[in-house]
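As provided, query_37.cif (mmCIF, C-alpha atoms) reads as follows.
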```cif
data_target
#
loop_
_atom_site.group_PDB
_atom_site.id
_atom_site.type_symbol
_atom_site.label_atom_id
_atom_site.label_comp_id
_atom_site.auth_asym_id
_atom_site.auth_seq_id
_atom_site.Cartn_x
_atom_site.Cartn_y
_atom_site.Cartn_z
ATOM 1 C CA MET A 228 2.692 14.715 17.246
ATOM 2 C CA GLY A 229 2.103 10.995 17.724
ATOM 3 C CA MET A 230 -0.327 8.789 15.923
ATOM 4 C CA GLY A 231 -2.973 7.320 18.186
ATOM 5 C CA LEU A 232 -3.726 3.613 18.383
ATOM 6 C CA LEU A 233 -7.062 4.048 16.603
ATOM 7 C CA VAL A 234 -5.390 5.707 13.610
ATOM 8 C CA ILE A 235 -2.735 2.986 13.501
ATOM 9 C CA PHE A 236 -5.467 0.332 13.697
ATOM 10 C CA ILE A 237 -7.351 1.922 10.771
ATOM 11 C CA ILE A 238 -4.145 2.130 8.722
ATOM 12 C CA LEU A 239 -3.431 -1.539 9.458
ATOM 13 C CA LEU A 240 -6.947 -2.436 8.274
ATOM 14 C CA CYS A 241 -6.298 -0.504 5.074
ATOM 15 C CA ILE A 242 -2.979 -2.282 4.567
ATOM 16 C CA ALA A 243 -4.682 -5.633 5.155
ATOM 17 C CA THR A 244 -6.582 -5.072 1.897
ATOM 18 C CA SER A 245 -3.335 -5.664 -0.033
ATOM 19 C CA PHE A 246 -2.804 -8.992 1.696
ATOM 20 C CA PHE A 247 -6.440 -9.925 1.091
ATOM 21 C CA SER A 248 -6.108 -8.954 -2.584
ATOM 22 C CA VAL A 249 -3.187 -11.295 -3.173
ATOM 23 C CA GLY A 250 -5.006 -14.098 -1.361
ATOM 24 C CA ALA A 251 -8.297 -13.517 -3.161
ATOM 25 C CA VAL A 252 -6.781 -13.289 -6.638
ATOM 26 C CA THR A 253 -4.704 -16.403 -5.948
ATOM 27 C CA GLY A 254 -7.852 -18.144 -4.672
ATOM 28 C CA VAL A 255 -9.684 -17.213 -7.892
ATOM 29 C CA LYS A 256 -6.779 -18.450 -10.001
ATOM 30 C CA LEU A 257 -6.403 -21.800 -8.256
ATOM 31 C CA GLY A 258 -10.010 -22.467 -7.355
ATOM 32 C CA SER A 259 -10.985 -24.931 -4.652
ATOM 33 C CA ASN A 260 -7.846 -26.996 -5.285
ATOM 34 C CA TYR A 261 -5.835 -24.745 -2.983
ATOM 35 C CA THR A 262 -5.511 -26.978 0.094
ATOM 36 C CA SER A 263 -5.624 -25.785 3.674
ATOM 37 C CA ALA A 264 -1.985 -26.815 4.247
ATOM 38 C CA VAL A 265 -0.850 -24.734 1.272
ATOM 39 C CA SER A 266 -3.050 -21.834 2.419
ATOM 40 C CA LEU A 267 -1.547 -21.986 5.889
ATOM 41 C CA LYS A 268 2.005 -22.079 4.535
ATOM 42 C CA THR A 269 1.299 -19.086 2.277
ATOM 43 C CA ALA A 270 -0.256 -17.082 5.122
ATOM 44 C CA ILE A 271 2.699 -17.873 7.397
ATOM 45 C CA VAL A 272 5.261 -16.798 4.782
ATOM 46 C CA PHE A 273 3.422 -13.503 4.191
ATOM 47 C CA THR A 274 3.125 -12.901 7.939
ATOM 48 C CA VAL A 275 6.801 -13.583 8.651
ATOM 49 C CA ILE A 276 7.874 -11.227 5.842
ATOM 50 C CA ALA A 277 5.452 -8.577 7.142
ATOM 51 C CA LEU A 278 6.797 -8.873 10.695
ATOM 52 C CA LEU A 279 10.398 -8.676 9.470
ATOM 53 C CA ALA A 280 9.611 -5.628 7.330
ATOM 54 C CA MET A 281 8.040 -3.827 10.303
ATOM 55 C CA ALA A 282 10.887 -4.749 12.668
ATOM 56 C CA VAL A 283 13.633 -3.615 10.270
ATOM 57 C CA SER A 284 11.798 -0.394 9.488
ATOM 58 C CA PHE A 285 11.157 0.407 13.145
ATOM 59 C CA ILE A 286 14.835 -0.104 14.006
ATOM 60 C CA LEU A 287 15.835 2.091 11.067
ATOM 61 C CA GLY A 288 13.319 4.753 12.112
ATOM 62 C CA ARG A 289 14.575 4.809 15.703
ATOM 63 C CA MET A 290 18.176 5.059 14.457
ATOM 64 C CA LEU A 291 17.301 8.043 12.243
ATOM 65 C CA TYR A 292 15.010 9.738 14.766
ATOM 66 C CA SER A 293 17.635 12.211 15.987
ATOM 67 C CA VAL A 294 18.496 13.167 12.406
ATOM 68 C CA LEU A 295 14.840 13.608 11.383
ATOM 69 C CA ILE A 296 13.523 15.177 14.591
ATOM 70 C CA ASP A 297 12.979 18.583 12.977
ATOM 71 C CA VAL A 298 11.137 17.198 9.954
ATOM 72 C CA TYR A 299 9.552 13.989 11.208
ATOM 73 C CA ASP A 300 6.038 15.378 10.714
ATOM 74 C CA TRP A 301 6.777 15.998 7.037
ATOM 75 C CA VAL A 302 8.437 12.598 6.677
ATOM 76 C CA GLY A 303 5.411 10.949 8.312
ATOM 77 C CA PHE A 304 3.033 12.813 6.009
ATOM 78 C CA ALA A 305 5.071 11.870 2.927
ATOM 79 C CA LEU A 306 5.207 8.185 3.880
ATOM 80 C CA LEU A 307 1.480 8.019 4.695
ATOM 81 C CA LEU A 308 0.741 9.746 1.393
ATOM 82 C CA LEU A 309 2.942 7.190 -0.410
ATOM 83 C CA ILE A 310 0.864 4.403 1.127
ATOM 84 C CA ALA A 311 -2.314 6.150 -0.080
ATOM 85 C CA ILE A 312 -0.936 6.619 -3.594
ATOM 86 C CA HIS A 313 0.156 2.980 -3.667
ATOM 87 C CA PHE A 314 -3.381 1.842 -2.849
ATOM 88 C CA LEU A 315 -4.939 4.136 -5.432
ATOM 89 C CA LEU A 316 -2.558 2.801 -8.095
ATOM 90 C CA GLU A 317 -3.045 -0.811 -6.999
ATOM 91 C CA SER A 318 -6.807 -0.427 -7.346
ATOM 92 C CA MET A 319 -6.263 0.081 -11.088
ATOM 93 C CA GLU A 320 -3.655 -2.638 -11.629
ATOM 94 C CA LYS A 321 -3.764 -6.398 -11.696
ATOM 95 C CA THR A 322 -2.929 -7.902 -8.310
ATOM 96 C CA PRO A 323 -0.151 -10.523 -8.381
ATOM 97 C CA SER A 324 -1.251 -14.081 -7.779
ATOM 98 C CA LEU A 325 0.487 -17.315 -6.893
ATOM 99 C CA ASN A 326 0.280 -20.826 -8.306
ATOM 100 C CA TYR A 327 1.397 -24.178 -6.914
ATOM 101 C CA THR A 328 4.908 -23.782 -8.352
ATOM 102 C CA ASP A 329 5.273 -20.433 -6.570
ATOM 103 C CA VAL A 330 4.296 -22.013 -3.265
ATOM 104 C CA GLU A 331 6.646 -24.967 -3.702
ATOM 105 C CA ASN A 332 9.537 -22.861 -5.031
ATOM 106 C CA ASN A 333 8.993 -19.963 -2.600
ATOM 107 C CA ASN A 334 11.078 -17.436 -4.593
ATOM 108 C CA TYR A 335 8.161 -15.681 -6.292
ATOM 109 C CA MET A 336 5.980 -15.981 -3.206
ATOM 110 C CA ILE A 337 8.670 -14.260 -1.094
ATOM 111 C CA LYS A 338 9.031 -11.546 -3.755
ATOM 112 C CA VAL A 339 5.270 -10.889 -3.692
ATOM 113 C CA ALA A 340 5.231 -10.971 0.136
ATOM 114 C CA VAL A 341 8.018 -8.358 0.244
ATOM 115 C CA GLN A 342 6.145 -6.191 -2.268
ATOM 116 C CA VAL A 343 2.915 -6.371 -0.253
ATOM 117 C CA SER A 344 4.775 -5.697 3.008
ATOM 118 C CA LEU A 345 6.248 -2.397 1.805
ATOM 119 C CA ASP A 346 3.261 -0.485 3.171
ATOM 120 C CA LEU A 347 3.864 -2.014 6.607
ATOM 121 C CA PHE A 348 7.528 -1.064 6.267
ATOM 122 C CA LEU A 349 6.540 2.577 5.672
ATOM 123 C CA LEU A 350 4.000 2.551 8.499
ATOM 124 C CA ALA A 351 6.492 1.118 10.992
ATOM 125 C CA PHE A 352 8.930 3.895 10.084
ATOM 126 C CA VAL A 353 6.247 6.516 10.783
ATOM 127 C CA VAL A 354 5.407 4.796 14.079
ATOM 128 C CA ALA A 355 9.109 4.812 15.019
ATOM 129 C CA LEU A 356 9.223 8.573 14.463
ATOM 130 C CA THR A 357 5.876 9.608 15.928
ATOM 131 C CA ASN A 358 4.750 7.062 18.540
ATOM 132 C CA HIS A 359 7.444 4.466 19.226
ATOM 133 C CA LYS A 360 5.494 3.121 22.216
ATOM 134 C CA ALA A 361 2.835 1.838 19.793
ATOM 135 C CA PHE A 362 5.266 -0.450 17.971
ATOM 136 C CA LEU A 363 4.227 -3.673 19.715
ATOM 137 C CA PHE A 364 0.588 -2.816 18.988
ATOM 138 C CA THR A 365 1.514 -2.218 15.336
ATOM 139 C CA LEU A 366 3.532 -5.424 15.161
ATOM 140 C CA LEU A 367 0.812 -7.541 16.774
ATOM 141 C CA PHE A 368 -2.090 -6.281 14.695
ATOM 142 C CA GLY A 369 -0.018 -5.947 11.509
ATOM 143 C CA GLY A 370 0.996 -9.606 11.738
ATOM 144 C CA LEU A 371 -2.489 -10.742 12.733
ATOM 145 C CA PHE A 372 -4.171 -8.826 9.910
ATOM 146 C CA ALA A 373 -1.610 -10.048 7.352
ATOM 147 C CA PHE A 374 -2.132 -13.670 8.365
ATOM 148 C CA CYS A 375 -5.939 -13.513 8.502
ATOM 149 C CA SER A 376 -6.260 -11.464 5.300
ATOM 150 C CA VAL A 377 -4.159 -13.830 3.196
ATOM 151 C CA LEU A 378 -5.877 -16.878 4.663
ATOM 152 C CA PHE A 379 -9.358 -15.419 4.209
ATOM 153 C CA GLY A 380 -8.568 -14.310 0.654
ATOM 154 C CA LEU A 381 -7.240 -17.752 -0.285
ATOM 155 C CA SER A 382 -10.124 -19.641 1.254
ATOM 156 C CA HIS A 383 -12.900 -17.446 -0.146
ATOM 157 C CA GLY A 384 -11.371 -15.974 -3.297
ATOM 158 C CA TYR A 385 -12.679 -18.704 -5.562
ATOM 159 C CA HIS A 386 -16.242 -18.164 -4.311
ATOM 160 C CA THR A 387 -16.283 -14.543 -5.379
ATOM 161 C CA LYS A 388 -14.948 -12.239 -8.022
ATOM 162 C CA GLY A 389 -11.794 -11.804 -5.963
ATOM 163 C CA SER A 390 -10.050 -9.324 -8.237
ATOM 164 C CA VAL A 391 -13.077 -7.014 -8.436
ATOM 165 C CA ILE A 392 -13.583 -7.007 -4.659
ATOM 166 C CA ALA A 393 -9.839 -6.584 -4.095
ATOM 167 C CA ASN A 394 -9.619 -3.579 -6.416
ATOM 168 C CA ARG A 395 -12.597 -1.897 -4.759
ATOM 169 C CA LEU A 396 -11.194 -2.516 -1.287
ATOM 170 C CA GLU A 397 -7.848 -1.044 -2.296
ATOM 171 C CA LEU A 398 -9.576 2.011 -3.767
ATOM 172 C CA VAL A 399 -11.437 2.590 -0.494
ATOM 173 C CA ALA A 400 -8.194 2.029 1.445
ATOM 174 C CA GLY A 401 -6.435 4.588 -0.770
ATOM 175 C CA ILE A 402 -9.131 7.183 -0.135
ATOM 176 C CA VAL A 403 -9.070 6.542 3.623
ATOM 177 C CA MET A 404 -5.266 6.735 3.657
ATOM 178 C CA THR A 405 -5.352 10.040 1.765
ATOM 179 C CA PHE A 406 -7.595 11.511 4.457
ATOM 180 C CA ILE A 407 -5.360 10.103 7.200
ATOM 181 C CA ALA A 408 -2.235 11.590 5.579
ATOM 182 C CA ILE A 409 -3.869 15.010 5.214
ATOM 183 C CA ARG A 410 -5.188 14.876 8.787
ATOM 184 C CA PHE A 411 -1.721 13.895 10.021
ATOM 185 C CA LEU A 412 -0.195 16.956 8.335
ATOM 186 C CA LEU A 413 -2.919 19.327 9.530
ATOM 187 C CA VAL A 414 -2.543 18.171 13.126
ATOM 188 C CA ALA A 415 1.257 18.381 12.852
ATOM 189 C CA LEU A 416 1.084 21.953 11.559
ATOM 190 C CA GLY A 417 -1.181 22.790 14.452
#
```

Would you mind writing the file's structure down as structure tokens?
Amino acid sequence: MGMGLLVIFIILLCIATSFFSVGAVTGVKLGSNYTSAVSLKTAIVFTVIALLAMAVSFILGRMLYSVLIDVYDWVGFALLLLIAIHFLLESMEKTPSLNYTDVENNNYMIKVAVQVSLDLFLLAFVVALTNHKAFLFTLLFGGLFAFCSVLFGLSHGYHTKGSVIANRLELVAGIVMTFIAIRFLLVALG
């Protein structure tokens, strides 16, 4: 059973909420002092890490495909459910935020970018097992959504209650992902 492009698109929108959350909470923390150059650099770093995470995961998934061929539906379900659980937990926790030192130093920013990109890593593995022809679609929209979500969160986070909006978005994403994971399993079981 392969995942269709619409399902992958919806999952990517859900995952974009994590990138938005980091941007929005950082925007709240730093206020309007966060310059456009710093915002652009932050969005680029998050996007590059996201693209690398998806590429590595896809390669790993294709390498393990022959080993997992008999259980790939269960593996896909488990990984999609992990993404859902992650969102549900994140909706109750404090989202990490960056400050100017983090942007200049890069170490913490890269650590946060890797953490946020784990959901894309899991998704790319599922795509590698279930619909490898959709990888470029996943890569393109995953990178685009990561970039735009971080940038939008940074630029508008200080105007709103970024952490409240971010937590609600992640809760909705977790619920949607739970339904997608269950649907994936039901379709796989036939």

Which residues, written as a VMD selection string, have at least one atom at most 12 Å from Thr357 (chain A), with all atoms listed in the file counted and residues fewer than 4 positions away on the same chain left out?
chain A and resid 228 to 232 235 285 288 to 289 292 295 to 304 350 to 353 361 to 362 411 415

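Using only C-alpha atoms, the smallest distance between any of A:Phe246, A:Phe273, A:Phe348, A:Phe374 and Leu307 (chain A) comes from A:Phe348.
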
Step by step, work through what the PyMOL selection byres ((chain A and resi 242) around 10) selects in the shown file, and finish by giving those residues as a list in words.
Phe236, Ile237, Ile238, Leu239, Leu240, Cys241, Ala243, Thr244, Ser245, Phe246, Phe247, Ile310, Ala311, Phe314, Val343, Ser344, Leu345, Asp346, Leu347, Leu350, Gly369, Phe372, Ala373, Ser376, Glu397, Ala400, Gly401 and Met404 of chain A

Distance CA of Ala340 (chain A)-CA of Ala280 (chain A), one decimal place?
10.0 Å

If you measure from CA of Ser263 (chain A) to CA of Ser382 (chain A), what distance in Å do you get, rounded to one decimal?
8.0 Å

Output check: residues returned by the PyMOL selection byres ((chain A and resi 267) around 12), as an NGL selection string:
:A and (250 or 261-266 or 268-274 or 330 or 374-382)

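The two atoms in question, CA of His383 (chain A) and CA of Ala251 (chain A), are spaced 6.8 Å apart.
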
Between A:Val339, A:Ala393, A:Val255, A:Ile312, which has the minimum distance to Phe406 (chain A) (counting only C-alpha atoms)?
A:Ile312

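In terms of minimum interatomic distance to Met319 (chain A), A:Leu398 ranks closest within A:Val234, A:Leu416, A:Leu306, A:Leu398, counting only C-alpha atoms.
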
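The smallest atom-to-atom distance between Ile392 (chain A) and any of A:Lys360, A:Ala355, A:Ala282, A:Ser318, using all atoms listed in the file, is found for A:Ser318.
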
Box centre and edge lengths (Å, one decimal), axis-aligned, region 266-285 of chain A plus 6 Å each side, as AutoDock Vina command-line options:
```
--center_x 5.3 --center_y -10.8 --center_z 7.7 --size_x 28.7 --size_y 34.5 --size_z 22.9
```
